[in-house]
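Enquirer: Got start_4.cif for you, mmCIF, C-alpha atoms:
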```
data_protein
loop_
_atom_site.label_atom_id
_atom_site.label_comp_id
_atom_site.auth_asym_id
_atom_site.auth_seq_id
_atom_site.Cartn_x
_atom_site.Cartn_y
_atom_site.Cartn_z
CA MET U 1113 36.62 -103.67 -109.61
CA SER U 1114 34.58 -103.80 -106.39
CA ILE U 1115 33.02 -100.70 -104.85
CA PHE U 1116 35.39 -101.09 -101.91
CA LYS U 1117 38.48 -101.05 -104.13
CA THR U 1118 37.17 -98.09 -106.12
CA SER U 1119 36.51 -96.14 -102.91
CA LEU U 1120 39.97 -96.89 -101.60
CA LEU U 1121 41.53 -95.72 -104.86
CA SER U 1122 39.49 -92.53 -104.78
CA LEU U 1123 40.47 -91.87 -101.20
CA ALA U 1124 44.14 -92.46 -101.98
CA SER U 1125 43.90 -90.08 -104.96
CA VAL U 1126 42.29 -87.38 -102.85
CA LEU U 1127 44.94 -87.79 -100.16
CA LEU U 1128 47.72 -87.65 -102.73
CA ILE U 1129 46.32 -84.53 -104.36
CA ALA U 1130 45.80 -82.85 -100.98
CA ASP U 1131 49.36 -83.71 -100.00
CA ALA U 1132 50.75 -82.37 -103.28
CA THR U 1133 48.75 -79.17 -102.92
CA SER U 1134 49.97 -78.55 -99.39
CA ALA U 1135 53.57 -79.15 -100.56
CA LEU U 1136 53.15 -76.49 -103.27
CA ALA U 1137 51.67 -73.81 -101.04
CA ALA U 1138 54.52 -71.53 -100.01
CA THR U 1139 54.79 -70.03 -96.54
CA GLU U 1140 56.09 -66.67 -95.39
CA ALA U 1141 59.26 -68.41 -94.26
CA ASP U 1142 59.77 -69.83 -97.77
CA TYR U 1143 59.34 -66.34 -99.19
CA LYS U 1144 61.83 -64.83 -96.75
CA THR U 1145 64.42 -67.46 -97.62
CA ALA U 1146 63.89 -66.97 -101.36
CA LEU U 1147 63.96 -63.19 -101.08
CA SER U 1148 67.10 -63.26 -98.99
CA ALA U 1149 68.88 -65.36 -101.65
CA ALA U 1150 67.72 -62.98 -104.40
CA GLU U 1151 68.86 -59.91 -102.49
CA ALA U 1152 72.24 -61.46 -101.72
CA ALA U 1153 72.82 -62.23 -105.41
CA ASN U 1154 71.69 -58.74 -106.42
CA LYS U 1155 74.07 -57.23 -103.86
CA GLU U 1156 76.90 -59.21 -105.42
CA ALA U 1157 75.87 -57.84 -108.84
CA ALA U 1158 75.96 -54.33 -107.39
CA GLY U 1159 79.53 -54.96 -106.25
CA LEU U 1160 80.34 -55.81 -109.85
CA ARG U 1161 78.58 -52.59 -110.95
CA ASN U 1162 76.21 -54.62 -113.07
CA GLN U 1163 72.72 -54.79 -111.65
CA TRP U 1164 69.80 -55.32 -114.00
CA THR U 1165 66.60 -53.30 -113.83
CA VAL U 1166 64.55 -56.48 -114.26
CA THR U 1167 66.08 -57.95 -111.08
CA ALA U 1168 64.91 -54.94 -109.08
CA ALA U 1169 61.48 -55.23 -110.71
CA ALA U 1170 61.22 -58.93 -109.76
CA ILE U 1171 62.22 -58.16 -106.16
CA ALA U 1172 59.60 -55.40 -106.00
CA ALA U 1173 56.99 -57.81 -107.40
CA ALA U 1174 57.93 -60.40 -104.76
CA LYS U 1175 57.51 -57.88 -101.94
CA LYS U 1176 54.17 -56.72 -103.32
CA ALA U 1177 52.88 -60.29 -103.57
CA ALA U 1178 54.05 -61.04 -100.01
CA GLU U 1179 52.25 -57.95 -98.70
CA ALA U 1180 49.09 -59.26 -100.35
CA GLY U 1181 49.64 -62.63 -98.68
CA ASP U 1182 50.32 -64.47 -101.94
CA PHE U 1183 53.45 -66.35 -100.90
CA ASP U 1184 53.41 -68.68 -103.91
CA LYS U 1185 53.76 -65.69 -106.18
CA ALA U 1186 56.22 -64.02 -103.80
CA VAL U 1187 58.49 -67.08 -103.85
CA ALA U 1188 58.21 -67.39 -107.65
CA SER U 1189 59.17 -63.73 -108.13
CA SER U 1190 62.03 -64.05 -105.62
CA ASN U 1191 63.35 -67.09 -107.48
CA GLU U 1192 63.11 -65.20 -110.75
CA ALA U 1193 65.00 -62.28 -109.22
CA GLU U 1194 67.72 -64.60 -107.96
CA ALA U 1195 68.10 -66.20 -111.39
CA LEU U 1196 68.32 -62.77 -113.05
CA ALA U 1197 70.88 -61.53 -110.52
CA LYS U 1198 72.99 -64.65 -111.04
CA ALA U 1199 72.83 -64.08 -114.80
CA SER U 1200 74.07 -60.51 -114.34
CA ILE U 1201 76.94 -61.80 -112.17
CA PHE U 1202 77.80 -64.36 -114.85
CA GLN U 1203 77.75 -61.62 -117.49
CA ALA U 1204 79.97 -59.24 -115.50
CA THR U 1205 82.45 -62.00 -114.67
CA ASN U 1206 82.75 -63.14 -118.26
CA GLU U 1207 82.96 -59.65 -119.67
CA LYS U 1208 86.09 -58.96 -117.65
CA THR U 1209 87.99 -60.59 -120.52
CA LEU U 1210 85.41 -60.92 -123.29
CA TRP U 1211 85.12 -57.15 -123.86
CA LYS U 1212 88.45 -57.27 -125.69
CA ASP U 1213 86.90 -59.33 -128.48
CA MET U 1214 84.81 -56.35 -129.48
CA GLU U 1215 87.60 -53.79 -129.42
CA ILE U 1216 88.54 -51.91 -132.59
CA ARG U 1217 92.23 -52.55 -133.20
CA MET H 1133 125.24 -84.15 -140.41
CA ASN H 1134 125.82 -82.31 -143.72
CA LEU H 1135 125.46 -78.58 -144.25
CA ARG H 1136 122.00 -78.90 -145.82
CA SER H 1137 120.71 -80.84 -142.81
CA GLU H 1138 122.21 -78.31 -140.43
CA ILE H 1139 120.50 -75.46 -142.26
CA ARG H 1140 117.18 -77.34 -142.17
CA LEU H 1141 117.58 -78.00 -138.45
CA ALA H 1142 118.45 -74.37 -137.77
CA LEU H 1143 115.44 -73.16 -139.78
CA ALA H 1144 113.15 -75.59 -137.98
CA ALA H 1145 114.46 -74.39 -134.61
CA LEU H 1146 113.92 -70.77 -135.69
CA ALA H 1147 110.37 -71.52 -136.83
CA LEU H 1148 109.61 -73.27 -133.54
CA ALA H 1149 111.01 -70.34 -131.59
CA ALA H 1150 108.93 -67.93 -133.66
CA LEU H 1151 105.82 -70.02 -133.04
CA ALA H 1152 106.52 -70.12 -129.32
CA PHE H 1153 107.02 -66.37 -129.03
CA ALA H 1154 104.26 -65.23 -131.41
CA PRO H 1155 101.32 -65.73 -129.01
CA MET H 1156 103.27 -64.08 -126.20
CA GLN H 1157 103.93 -61.02 -128.37
CA THR H 1158 100.27 -60.85 -129.36
CA ALA H 1159 99.21 -61.11 -125.74
CA VAL H 1160 101.57 -58.32 -124.73
CA ALA H 1161 100.38 -56.17 -127.63
CA ALA H 1162 96.76 -56.75 -126.67
CA ASP H 1163 97.41 -55.65 -123.09
CA THR H 1164 99.52 -52.62 -123.95
CA VAL H 1165 97.64 -49.36 -123.59
CA ASP H 1166 98.31 -47.23 -126.64
CA PRO H 1167 95.79 -44.37 -126.96
CA VAL H 1168 97.43 -42.97 -130.10
CA ALA H 1169 97.12 -46.30 -131.91
CA ASP H 1170 93.58 -46.73 -130.58
CA ALA H 1171 92.47 -43.34 -131.89
CA LYS H 1172 94.03 -44.05 -135.28
CA ALA H 1173 92.34 -47.47 -135.52
CA PHE H 1174 89.05 -45.99 -134.29
CA LYS H 1175 88.99 -43.33 -137.03
CA LYS H 1176 90.06 -45.85 -139.68
CA PHE H 1177 87.28 -48.22 -138.69
CA PHE H 1178 84.59 -45.60 -139.21
CA THR H 1179 86.03 -43.97 -142.30
CA ASP H 1180 86.41 -47.43 -143.89
CA LYS H 1181 82.87 -48.34 -142.90
CA PHE H 1182 81.43 -45.07 -144.23
CA PRO H 1183 83.79 -43.98 -147.05
CA LYS H 1184 81.37 -41.30 -148.28
CA VAL H 1185 81.20 -39.51 -144.92
CA LYS H 1186 83.81 -36.79 -144.37
CA LEU H 1187 85.75 -37.20 -141.14
CA GLU H 1188 84.46 -33.95 -139.64
CA ASP H 1189 80.89 -34.88 -140.53
CA PHE H 1190 80.81 -37.80 -138.09
CA VAL H 1191 80.07 -35.28 -135.34
CA ASN H 1192 76.58 -34.96 -136.80
CA GLY H 1193 75.68 -38.45 -135.64
CA PRO H 1194 72.75 -40.07 -137.42
CA TYR H 1195 72.51 -37.10 -139.78
CA SER H 1196 75.86 -38.04 -141.26
CA MET H 1197 74.60 -41.55 -142.05
CA ASN H 1198 71.67 -40.73 -144.27
CA GLU H 1199 71.22 -38.07 -146.98
CA ASP H 1200 67.52 -37.48 -146.31
CA MET H 1201 68.16 -37.05 -142.61
CA HIS H 1202 71.06 -34.71 -143.37
CA ARG H 1203 68.70 -32.48 -145.37
CA GLN H 1204 66.18 -32.52 -142.51
CA TRP H 1205 68.92 -31.54 -140.11
CA GLU H 1206 70.07 -28.64 -142.29
CA GLU H 1207 66.50 -27.32 -142.31
CA LYS H 1208 66.19 -27.85 -138.57
CA GLU H 1209 69.41 -25.91 -137.95
CA GLN H 1210 67.74 -22.77 -139.33
CA PHE H 1211 65.50 -22.71 -136.25
CA PRO H 1212 67.42 -24.96 -133.89
CA PRO H 1213 65.41 -26.53 -131.07
CA TYR H 1214 68.29 -26.03 -128.62
CA GLU H 1215 68.22 -22.26 -129.04
CA PHE H 1216 66.15 -21.65 -125.90
CA SER H 1217 68.70 -23.66 -123.91
CA LEU H 1218 71.58 -21.74 -125.42
CA ASP H 1219 70.01 -18.42 -124.43
CA MET H 1220 69.32 -19.72 -120.93
CA GLY H 1221 72.91 -20.96 -120.61
CA LYS H 1222 74.38 -17.66 -121.74
CA GLU H 1223 72.32 -15.77 -119.21
CA MET H 1224 73.16 -18.21 -116.41
CA PHE H 1225 76.83 -18.15 -117.26
CA SER H 1226 77.17 -14.39 -116.96
CA LYS H 1227 74.96 -14.00 -113.88
CA PRO H 1228 77.10 -13.61 -110.74
CA PHE H 1229 76.77 -15.99 -107.78
CA LYS H 1230 75.61 -14.61 -104.42
CA ASN H 1231 79.26 -14.01 -103.48
CA GLY H 1232 79.75 -11.81 -106.54
CA LYS H 1233 81.93 -14.26 -108.45
CA SER H 1234 80.78 -16.18 -111.52
CA TYR H 1235 81.58 -19.21 -113.66
CA GLU H 1236 84.13 -17.08 -115.48
CA ASP H 1237 86.29 -17.14 -112.35
CA CYS H 1238 86.51 -20.95 -112.32
CA PHE H 1239 87.74 -21.59 -115.85
CA PRO H 1240 90.68 -20.73 -118.05
CA ASN H 1241 89.94 -17.98 -120.59
CA LYS H 1242 86.86 -17.13 -118.53
CA GLY H 1243 85.23 -20.33 -119.78
CA ILE H 1244 85.01 -19.20 -123.40
CA GLY H 1245 86.14 -21.56 -126.15
CA ILE H 1246 87.47 -24.25 -123.83
CA ARG H 1247 84.94 -27.08 -124.15
CA GLN H 1248 87.27 -29.01 -126.50
CA ASN H 1249 89.70 -29.52 -123.60
CA TYR H 1250 87.19 -31.41 -121.42
CA PRO H 1251 87.34 -33.92 -119.89
CA TYR H 1252 90.87 -33.63 -118.60
CA PHE H 1253 92.93 -35.65 -116.15
CA GLU H 1254 93.32 -33.83 -112.85
CA GLU H 1255 96.70 -34.92 -111.54
CA LYS H 1256 96.19 -33.75 -107.94
CA GLU H 1257 93.01 -35.75 -107.62
CA GLY H 1258 94.22 -38.58 -109.84
CA LYS H 1259 90.90 -38.67 -111.67
CA VAL H 1260 89.13 -37.46 -114.79
CA VAL H 1261 87.23 -34.18 -114.53
CA THR H 1262 84.42 -33.57 -116.99
CA LEU H 1263 82.94 -30.21 -117.90
CA GLU H 1264 79.71 -31.02 -116.04
CA LEU H 1265 81.68 -31.94 -112.93
CA ALA H 1266 83.83 -28.81 -113.17
CA LEU H 1267 80.71 -26.65 -113.43
CA ASN H 1268 79.19 -28.14 -110.29
CA ARG H 1269 82.50 -27.87 -108.44
CA CYS H 1270 82.60 -24.21 -109.42
CA ARG H 1271 79.12 -23.73 -108.01
CA GLU H 1272 79.93 -25.51 -104.74
CA ALA H 1273 83.22 -23.63 -104.34
CA ASN H 1274 81.19 -20.43 -104.53
CA GLY H 1275 78.55 -21.48 -102.04
CA GLU H 1276 75.91 -22.50 -104.58
CA PRO H 1277 74.11 -25.88 -104.58
CA PRO H 1278 75.09 -28.24 -107.39
CA PHE H 1279 72.76 -28.76 -110.34
CA SER H 1280 71.35 -32.13 -111.31
CA TYR H 1281 73.60 -33.66 -113.94
CA VAL H 1282 70.67 -34.73 -116.05
CA ARG H 1283 68.41 -31.67 -115.96
CA ASP H 1284 67.95 -28.51 -118.00
CA GLU H 1285 70.24 -26.15 -116.04
CA MET H 1286 73.33 -28.29 -116.60
CA ALA H 1287 72.36 -28.80 -120.23
CA ALA H 1288 71.98 -25.05 -120.71
CA LEU H 1289 75.37 -24.22 -119.20
CA THR H 1290 77.21 -26.87 -121.22
CA ALA H 1291 75.26 -25.86 -124.35
CA TYR H 1292 76.55 -22.32 -124.06
CA MET H 1293 80.12 -23.43 -123.37
CA ALA H 1294 80.03 -25.87 -126.30
CA PHE H 1295 78.68 -23.14 -128.56
CA THR H 1296 81.66 -20.91 -127.76
CA SER H 1297 83.92 -23.78 -128.89
CA ARG H 1298 82.12 -24.67 -132.09
CA GLY H 1299 84.51 -25.73 -134.81
CA LYS H 1300 87.43 -26.19 -132.43
CA PRO H 1301 88.84 -29.71 -132.60
CA PHE H 1302 88.63 -31.98 -129.57
CA ASP H 1303 92.02 -31.75 -127.87
CA ILE H 1304 91.99 -34.25 -125.01
CA LYS H 1305 95.34 -34.84 -123.34
CA ILE H 1306 96.57 -37.96 -121.61
CA PRO H 1307 99.45 -36.84 -119.39
CA ASN H 1308 102.43 -39.03 -118.69
CA ASP H 1309 100.84 -40.45 -115.57
CA PRO H 1310 99.98 -44.14 -115.18
CA ARG H 1311 96.72 -43.16 -113.45
CA ALA H 1312 95.63 -41.21 -116.53
CA LEU H 1313 96.40 -44.16 -118.75
CA GLU H 1314 94.49 -46.40 -116.37
CA ALA H 1315 91.47 -44.08 -116.47
CA TYR H 1316 91.59 -44.12 -120.27
CA GLN H 1317 91.83 -47.90 -120.31
CA LYS H 1318 88.95 -48.28 -117.86
CA GLY H 1319 86.86 -45.99 -120.06
CA LYS H 1320 87.66 -48.18 -123.04
CA GLU H 1321 86.75 -51.30 -121.08
CA TYR H 1322 83.42 -49.77 -120.06
CA PHE H 1323 82.68 -48.85 -123.68
CA TYR H 1324 83.15 -52.40 -124.94
CA THR H 1325 81.68 -54.28 -121.96
CA ARG H 1326 78.27 -55.86 -122.44
CA ARG H 1327 75.79 -55.18 -119.67
CA GLY H 1328 72.11 -55.19 -118.86
CA GLN H 1329 69.64 -57.97 -119.57
CA LEU H 1330 69.80 -57.15 -123.29
CA ASN H 1331 73.54 -57.91 -123.21
CA PHE H 1332 74.53 -54.75 -125.08
CA SER H 1333 77.71 -52.75 -124.82
CA CYS H 1334 78.01 -49.14 -125.99
CA ALA H 1335 79.86 -50.62 -128.98
CA THR H 1336 76.98 -52.94 -129.89
CA CYS H 1337 74.99 -49.93 -131.07
CA HIS H 1338 77.64 -47.35 -131.86
CA VAL H 1339 80.39 -49.50 -133.41
CA GLN H 1340 78.64 -52.57 -134.78
CA SER H 1341 75.43 -50.91 -135.92
CA PRO H 1342 75.75 -47.16 -136.66
CA GLY H 1343 73.45 -46.13 -139.49
CA GLU H 1344 71.13 -49.05 -138.70
CA ARG H 1345 67.76 -48.51 -137.13
CA ILE H 1346 66.84 -49.53 -133.63
CA ARG H 1347 63.09 -49.14 -133.64
CA ALA H 1348 62.59 -45.71 -135.26
CA GLU H 1349 66.03 -44.37 -134.36
CA VAL H 1350 69.09 -44.29 -136.60
CA LEU H 1351 72.09 -45.18 -134.47
CA ALA H 1352 74.95 -42.69 -134.32
CA PRO H 1353 78.57 -43.70 -134.87
CA ALA H 1354 80.76 -43.65 -131.76
CA LEU H 1355 83.28 -41.47 -133.58
CA GLY H 1356 82.42 -37.86 -132.77
CA ILE H 1357 79.42 -38.86 -130.67
CA LEU H 1358 80.31 -36.52 -127.78
CA ASN H 1359 81.30 -33.57 -129.98
CA ALA H 1360 77.63 -32.59 -130.29
CA MET H 1361 76.79 -32.74 -126.59
CA PRO H 1362 74.60 -31.54 -125.04
CA ILE H 1363 71.77 -32.38 -127.40
CA TYR H 1364 68.15 -31.55 -127.88
CA ARG H 1365 66.32 -34.82 -128.41
CA SER H 1366 62.85 -34.90 -129.83
CA GLU H 1367 62.39 -38.22 -128.01
CA TRP H 1368 63.12 -36.46 -124.71
CA ASN H 1369 61.23 -33.35 -125.71
CA GLY H 1370 64.10 -31.40 -124.21
CA MET H 1371 67.82 -31.07 -123.72
CA GLY H 1372 70.10 -33.82 -122.50
CA THR H 1373 73.56 -33.77 -121.02
CA THR H 1374 76.29 -36.36 -121.52
CA SER H 1375 75.33 -37.75 -118.10
CA ARG H 1376 71.74 -38.12 -119.23
CA ARG H 1377 72.87 -39.88 -122.41
CA PHE H 1378 75.02 -42.40 -120.54
CA THR H 1379 72.46 -43.22 -117.84
CA THR H 1380 69.62 -43.50 -120.38
CA CYS H 1381 71.68 -45.84 -122.55
CA ASN H 1382 72.22 -48.08 -119.55
CA SER H 1383 68.57 -48.22 -118.55
CA GLN H 1384 67.48 -48.83 -122.16
CA ILE H 1385 69.43 -52.07 -122.16
CA ARG H 1386 67.87 -52.97 -118.78
CA GLY H 1387 70.94 -52.21 -116.75
CA VAL H 1388 70.71 -50.17 -113.56
CA PRO H 1389 72.51 -46.91 -114.38
CA LEU H 1390 75.36 -45.77 -112.16
CA ALA H 1391 75.18 -42.37 -110.52
CA PRO H 1392 75.99 -39.54 -112.94
CA GLN H 1393 79.68 -38.63 -112.77
CA ASP H 1394 80.65 -41.91 -111.12
CA ASP H 1395 84.22 -42.82 -112.04
CA GLU H 1396 83.12 -45.24 -114.76
CA TYR H 1397 81.20 -42.55 -116.65
CA ARG H 1398 84.01 -40.03 -116.26
CA ASP H 1399 86.49 -42.56 -117.65
CA LEU H 1400 84.12 -43.46 -120.47
CA GLU H 1401 83.82 -39.81 -121.45
CA TYR H 1402 87.61 -39.49 -121.34
CA TYR H 1403 88.07 -42.46 -123.68
CA LEU H 1404 85.33 -41.50 -126.12
CA SER H 1405 86.48 -37.89 -126.30
CA TYR H 1406 90.12 -38.84 -126.78
CA VAL H 1407 89.44 -41.15 -129.73
CA SER H 1408 87.53 -38.27 -131.35
CA ASN H 1409 90.46 -35.88 -130.99
CA GLY H 1410 90.77 -33.66 -134.05
CA LEU H 1411 87.05 -33.69 -134.83
CA PRO H 1412 85.29 -30.35 -134.29
CA ILE H 1413 83.00 -29.50 -131.43
CA SER H 1414 79.49 -29.16 -132.88
CA GLY H 1415 77.43 -28.86 -129.72
CA PRO H 1416 74.82 -28.10 -128.80
CA GLY H 1417 73.26 -30.56 -131.18
CA ALA H 1418 69.82 -31.81 -132.08
CA ARG H 1419 68.82 -35.41 -132.55
CA PRO H 1420 65.56 -37.15 -133.46
#
```
For this file, write the structure as structure tokens.
Expert:
Amino acid sequence: MSIFKTSLLSLASVLLIADATSALAATEADYKTALSAAEAANKEAAGLRNQWTVTAAAIAAAKKAAEAGDFDKAVASSNEAEALAKASIFQATNEKTLWKDMEIR
Amino acid sequence: MNLRSEIRLALAALALAALAFAPMQTAVAADTVDPVADAKAFKKFFTDKFPKVKLEDFVNGPYSMNEDMHRQWEEKEQFPPYEFSLDMGKEMFSKPFKNGKSYEDCFPNKGIGIRQNYPYFEEKEGKVVTLELALNRCREANGEPPFSYVRDEMAALTAYMAFTSRGKPFDIKIPNDPRALEAYQKGKEYFYTRRGQLNFSCATCHVQSPGERIRAEVLAPALGILNAMPIYRSEWNGMGTTSRRFTTCNSQIRGVPLAPQDDEYRDLEYYLSYVSNGLPISGPGARP
């Protein structure tokens, strides 16, 4: 392989890596969108009287990370909170009928 | 068609009809609210599961499940850790409010020997009223601020009232009012519903696993579990009310607790107390 080809390949690799890195770095807007989704799901769980403590903890962690300017972490925690809130909604919805399976008769 | 064929056809039709109706009857039975049958089945479940435990001994929670623990409890009862709370409750109960009235004025029989009748269904309000709630309502009606439902003052007052009812069987009534039946049913639903990230219901610990250990604790059976309230818990290093027990259970399974005395908790207390009807009040109690 010629020096020219090797240099081109290296340059392309650097550009690709740089591009991938910039795509991964979350912004404040990303965080706000993710947090908003998490809070909406957690509000729905509250309406079902079935919030989880870990959801609240993940939301708090997201806010703390955002205050520190770490939006990658803030988005990750927000996404985790949303997933947990959705799981609590799933649980509450299913338990509306499933509780009867456990009943002493 | 001969007679034999006709009989066969008739029997087949009957069997088909029976098959068609059977699931419907089961479904109706499952949805029918029958507290008397529930309480009977509840007691049978626990007495079958623990044939050596006397019915009235279930009120002693984990101490009824294990002979060594029972001995420890008997020794502990000689110098009970809830005694300070009992003394405080007695003093608080007799001390007049600023307006000159006292708790005695808010309760039947001046509040003595009545714990076994709480919670009750208040028909005017259409809701369940627990003893803790009635105590705070008494305070507010007499111009006093309400106590926290999870702190020492409420524990002390209920400890004293429970003590004056010791040995009296739980006597919870469900009046002929569809709202009372609905409250009972909602309490039952809450008891069996899984919640929190750990996916536990009250029944997971107190029906499926009484007598088993969860970490260092021996789980109490649901039958008679409220008869000993309030309790001194070594784990808490202090007294705990029924409200404290419910909210702590919820947070332990990583569920956000509701506010003490929210409707769900009142209904839960109504259900759990009703199915323990006939078992003696043993509060205040002590637990590891």
Enquirer: Using the chain letters and numbers from the file, give me the residues hit by the PyMOL selection byres ((chain U) within 9 of (chain H)), as a compact mmCIF listing (two decimals) with C-alpha atoms, in the frame of the given file.
Expert:
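Once written, result_22.txt looks like this:
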```txt
# COMPACT_ATOMS: atom_id res chain seq x y z
CA ARG U 1161 78.58 -52.59 -110.95
CA ASN U 1162 76.21 -54.62 -113.07
CA GLN U 1163 72.72 -54.79 -111.65
CA TRP U 1164 69.80 -55.32 -114.00
CA THR U 1165 66.60 -53.30 -113.83
CA VAL U 1166 64.55 -56.48 -114.26
CA ALA U 1168 64.91 -54.94 -109.08
CA LEU U 1196 68.32 -62.77 -113.05
CA ALA U 1199 72.83 -64.08 -114.80
CA SER U 1200 74.07 -60.51 -114.34
CA GLN U 1203 77.75 -61.62 -117.49
CA ALA U 1204 79.97 -59.24 -115.50
CA GLU U 1207 82.96 -59.65 -119.67
CA LYS U 1208 86.09 -58.96 -117.65
CA LEU U 1210 85.41 -60.92 -123.29
CA TRP U 1211 85.12 -57.15 -123.86
CA LYS U 1212 88.45 -57.27 -125.69
CA ASP U 1213 86.90 -59.33 -128.48
CA MET U 1214 84.81 -56.35 -129.48
CA GLU U 1215 87.60 -53.79 -129.42
CA ILE U 1216 88.54 -51.91 -132.59
CA ARG U 1217 92.23 -52.55 -133.20
```
Enquirer: Which residues match the PyMOL selection byres ((chain U and resi 1195) around 12) in the file above, as JSON, numbers by chain?
Expert: {"U": [1146, 1147, 1149, 1150, 1151, 1152, 1153, 1154, 1157, 1164, 1166, 1167, 1168, 1170, 1171, 1188, 1189, 1190, 1191, 1192, 1193, 1194, 1196, 1197, 1198, 1199, 1200, 1201, 1202], "H": [1329]}
Enquirer: Write out the residues from the selection above, keeping C-alpha atoms, as a compact mmCIF listing (two decimals), in the frame of the given file.
Expert:
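The file below, selection.txt, is the result:
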```txt
# COMPACT_ATOMS: atom_id res chain seq x y z
CA ALA U 1146 63.89 -66.97 -101.36
CA LEU U 1147 63.96 -63.19 -101.08
CA ALA U 1149 68.88 -65.36 -101.65
CA ALA U 1150 67.72 -62.98 -104.40
CA GLU U 1151 68.86 -59.91 -102.49
CA ALA U 1152 72.24 -61.46 -101.72
CA ALA U 1153 72.82 -62.23 -105.41
CA ASN U 1154 71.69 -58.74 -106.42
CA ALA U 1157 75.87 -57.84 -108.84
CA TRP U 1164 69.80 -55.32 -114.00
CA VAL U 1166 64.55 -56.48 -114.26
CA THR U 1167 66.08 -57.95 -111.08
CA ALA U 1168 64.91 -54.94 -109.08
CA ALA U 1170 61.22 -58.93 -109.76
CA ILE U 1171 62.22 -58.16 -106.16
CA ALA U 1188 58.21 -67.39 -107.65
CA SER U 1189 59.17 -63.73 -108.13
CA SER U 1190 62.03 -64.05 -105.62
CA ASN U 1191 63.35 -67.09 -107.48
CA GLU U 1192 63.11 -65.20 -110.75
CA ALA U 1193 65.00 -62.28 -109.22
CA GLU U 1194 67.72 -64.60 -107.96
CA LEU U 1196 68.32 -62.77 -113.05
CA ALA U 1197 70.88 -61.53 -110.52
CA LYS U 1198 72.99 -64.65 -111.04
CA ALA U 1199 72.83 -64.08 -114.80
CA SER U 1200 74.07 -60.51 -114.34
CA ILE U 1201 76.94 -61.80 -112.17
CA PHE U 1202 77.80 -64.36 -114.85
CA GLN H 1329 69.64 -57.97 -119.57
```
Enquirer: Show me the residues around (60.1, -68.9, -97.4) - criterion: an atom at most 12 Å away, only C-alpha atoms counted - as a VMD selection string.
Expert: chain U and resid 1136 to 1150 1174 1178 1182 to 1191
Enquirer: Please evaluate the PyMOL selection byres ((chain H and resi 1276-1290) around 6) against the displayed coordinates and give the resulting residues as a list in words.
Expert: Ser1217, Leu1218, Met1220, Gly1221, Asn1268, Arg1271, Glu1272, Asn1274, Gly1275, Ala1291, Tyr1292, Met1293, Ala1294, Pro1362, Gly1372, Thr1373, Ser1375 and Arg1376 of chain H
Enquirer: Take the residues that were just selected and, keeping C-alpha atoms, output them as a compact mmCIF listing (two decimals), in the coordinates of the input.
Expert:
```
# COMPACT_ATOMS: atom_id res chain seq x y z
CA SER H 1217 68.70 -23.66 -123.91
CA LEU H 1218 71.58 -21.74 -125.42
CA MET H 1220 69.32 -19.72 -120.93
CA GLY H 1221 72.91 -20.96 -120.61
CA ASN H 1268 79.19 -28.14 -110.29
CA ARG H 1271 79.12 -23.73 -108.01
CA GLU H 1272 79.93 -25.51 -104.74
CA ASN H 1274 81.19 -20.43 -104.53
CA GLY H 1275 78.55 -21.48 -102.04
CA ALA H 1291 75.26 -25.86 -124.35
CA TYR H 1292 76.55 -22.32 -124.06
CA MET H 1293 80.12 -23.43 -123.37
CA ALA H 1294 80.03 -25.87 -126.30
CA PRO H 1362 74.60 -31.54 -125.04
CA GLY H 1372 70.10 -33.82 -122.50
CA THR H 1373 73.56 -33.77 -121.02
CA SER H 1375 75.33 -37.75 -118.10
CA ARG H 1376 71.74 -38.12 -119.23
```
Enquirer: Tell me, in Å to one decimal, how far CA of Met1201 in chain H is from CA of Leu1411 in chain H.
Expert: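 Calculated distance between CA of Met1201 in chain H and CA of Leu1411 in chain H is 20.7 Å.
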Enquirer: To one decimal place in Å, what is the distance between CA of Glu1264 in chain H and CA of Glu1236 in chain H?
Expert: 14.6 Å
Enquirer: If we count only C-alpha atoms and set the cut-off at 10 Å, which residues sit around Lys1318 in chain H, ignoring sequence neighbours fewer than 3 positions away in its own chain? Please answer as a ChimeraX atom specification.
Expert: /H:1312-1315,1321-1323,1395-1400,1402-1403
Enquirer: By how many Å are CA of Val1261 in chain H and CA of Thr1379 in chain H apart?
Expert: 17.6 Å
Enquirer: Which residue gives the smallest distance to Tyr1250 in chain H among H:Thr1179, H:Asn1308, H:Thr1296, H:Ser1405, with all atoms listed in the file counted?
Expert: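 Residue with the minimum atom-to-atom distance to Tyr1250 in chain H: H:Ser1405.
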Enquirer: What residues have an atom no more than 7 Å from (70.3, -31.7, -126.0) in the file's own frame, counting all atoms listed in the file, and can you write them as a PyMOL selection string?
Expert: chain H and resi 1214+1287+1361-1365+1370-1373+1416-1418
Enquirer: The selected residues should be written to file as an mmCIF file, keeping the file's coordinate frame (atoms: C-alpha atoms).
Expert:
```
data_model
loop_
_atom_site.group_PDB
_atom_site.id
_atom_site.type_symbol
_atom_site.label_atom_id
_atom_site.label_comp_id
_atom_site.auth_asym_id
_atom_site.auth_seq_id
_atom_site.Cartn_x
_atom_site.Cartn_y
_atom_site.Cartn_z
ATOM 1 C CA TYR H 1214 68.290 -26.030 -128.620
ATOM 2 C CA ALA H 1287 72.360 -28.800 -120.230
ATOM 3 C CA MET H 1361 76.790 -32.740 -126.590
ATOM 4 C CA PRO H 1362 74.600 -31.540 -125.040
ATOM 5 C CA ILE H 1363 71.770 -32.380 -127.400
ATOM 6 C CA TYR H 1364 68.150 -31.550 -127.880
ATOM 7 C CA ARG H 1365 66.320 -34.820 -128.410
ATOM 8 C CA GLY H 1370 64.100 -31.400 -124.210
ATOM 9 C CA MET H 1371 67.820 -31.070 -123.720
ATOM 10 C CA GLY H 1372 70.100 -33.820 -122.500
ATOM 11 C CA THR H 1373 73.560 -33.770 -121.020
ATOM 12 C CA PRO H 1416 74.820 -28.100 -128.800
ATOM 13 C CA GLY H 1417 73.260 -30.560 -131.180
ATOM 14 C CA ALA H 1418 69.820 -31.810 -132.080
#
```
